[in-house]
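For reference, the structure discussed in these notes is given below.
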Amino acid sequence: MIVLRQIFPQFSCFGSARNEVIVVMVQKVSASLSIFGSTFIIYDVVKKIRNGKKTDPYQRIMVALSFFYFILSFFAFFLGSWVAPKESGWMWAVGNTASCTMQGFLLVLGTMGELTNQTAVSFNILMLIVFGWNQEKFAKRIENPLHIAIVVVALSTAVVPLFFQLYNPACGICNLRPRVGMCGNGKDDEVFFCIVRGNHETVYWAIYWIVVATKMFALIFCTIAMLWVYFYVRRQENKNQRYNFHGHNANNHKESMRIRKILLLYTASLYLSHGVSVFCLWVKLPTSKWFIARALIPMRGFFNFLVYFLPNCLK
């Protein structure tokens with residue numbers, strides 16, 4: 001049997017009913033902004049395709065990233081406790097076990113999809129700037145296998161817990177967690193907490209660490225890619241100043257600087273969302289103190305929207 005270090009009765013994740021109301025409302029506003037941002041990115045690329053304009057791997061990866069984050073923002077963060085089982089006692093909970101399972105599945109699917117696609121964005125920029133690839137070469141050699149691998153990883157990670165009933169309500173949202181209830185031995189009045197759904201310790205921890213490892217890999221890889229690109233462009237700057245290059249080389253360098261800025265901002269948005277949650281886990285911060293993390297995690301879609309349209313604003 002899985003031993004849980006803490007049982008979460010009503011309001012205990014946020015300390016009080018007042019805190020729960022604040023967190024839920026802020027999370028829904030953040031999710032709404034993310035839904036808007038993700039939808040607009042998808043609309044922009046689809047509009048280009050419908051108008052016969054050419055799209056590149058970066059734009060198509062951004063569509064995939066926005067699609068997964070739309071799923072995560074709407075079904076997990078915006079709907080929130082609405083789809084949790086009514087008997088869970090969470091504010092505005094009107095769902096059932098089936099709706100809770102659906103939300104947990106889409107939460108893991110969206111999380112894995114957006115993390116792996118964010119890594120793909122950084123990888124695309126790294127190959128363009130540091131290794132001198134162009135988008136046509138990237139599309140021909142890597143793009144399709146990359147999309148397939150991301151979908152397979154995200155789907156397989158999200159599907160496995162379905163067979164073990166591991167999607168259950170936790171802190172106002174249905175997530176990867178066994179369900180705890182009140183049990184008795186039937187002989188006397190003794191009542192105790194026990195796992196009533198999802199009692200599969202090995203599977204639970206395996207999927208849990210896969211998600212955590214994916215998050216850590218995304219943060220580390222995107223950081224390395226950002227630093228690699230930053231110092232590469234910096235060396236090019238020094239080289240151009242030393243030899244006073246003009247013309248084609250100067251134009252290429254200007255484009256590299258623009259792409260470097262975009263990568264820096266994407267990585268910063270990753271840290272503002274997932275980096276904050278990793279920090280909370282690292283310092284073992286009580287769940288009731290996760291106010292900032294619960295507000296920032298749903299904002300990633302909106303942050304991506306701002307960075308995606310930044311070049312248009314700078315023209």
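In the structure tokens, chains take the letters A, B, ... in the order shown, each chain's residues start at 1, and ligands count up from 1 in the order shown.
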Counting only C-alpha atoms, what are the residues of segment 116-204 of chain A within 10 Å of segment 65-72 of chain A, and for each of them which pair of atoms is the nearest and at what distance in Å, to one decimal? Sort the table by chain and rising number, as JSON lines.
{"residue": "A:Thr116", "atom": "CA", "partner": "A:Leu65", "partner_atom": "CA", "distance": 8.3}
{"residue": "A:Asn117", "atom": "CA", "partner": "A:Leu65", "partner_atom": "CA", "distance": 5.3}
{"residue": "A:Gln118", "atom": "CA", "partner": "A:Leu65", "partner_atom": "CA", "distance": 6.7}
{"residue": "A:Thr119", "atom": "CA", "partner": "A:Leu65", "partner_atom": "CA", "distance": 9.9}
{"residue": "A:Ala120", "atom": "CA", "partner": "A:Leu65", "partner_atom": "CA", "distance": 9.2}
{"residue": "A:Val121", "atom": "CA", "partner": "A:Leu65", "partner_atom": "CA", "distance": 8.8}
{"residue": "A:Ala154", "atom": "CA", "partner": "A:Phe68", "partner_atom": "CA", "distance": 9.7}
Output as a PyMOL selection string all residues of segment 61-301 of chain A that backbone DSSP marks as helix (DSSP H, G or I). chain A and resi 61-78+80-83+86-88+97-129+135-164+201-243+248-282+287-289+291-301
Just to confirm, what's the straight-line distance from atom CA of Val152 of chain A to atom CA of Ile220 of chain A in Å (one decimal)?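 Result for atom CA of Val152 of chain A versus atom CA of Ile220 of chain A: 21.8 Å, one decimal.
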Set the distance at 8 Å and use only C-alpha atoms: which residues neighbour Phe78 of chain A once local chain neighbours fewer than 2 positions away are removed? I'd like the list as a PyMOL selection string. chain A and resi 27-29+31-32+73-76+80
Contact residues around Ala139 of chain A with only C-alpha atoms at 7 Å, ignoring same-chain residues under 4 positions, as a list in words: Pro57, Gln135 and Glu143 of chain A
Any idea what the distance is between atom CA of Ala295 of chain A and atom CA of Asp44 of chain A?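 Atom-to-atom, atom CA of Ala295 of chain A to atom CA of Asp44 of chain A, that is 26.4 Å.
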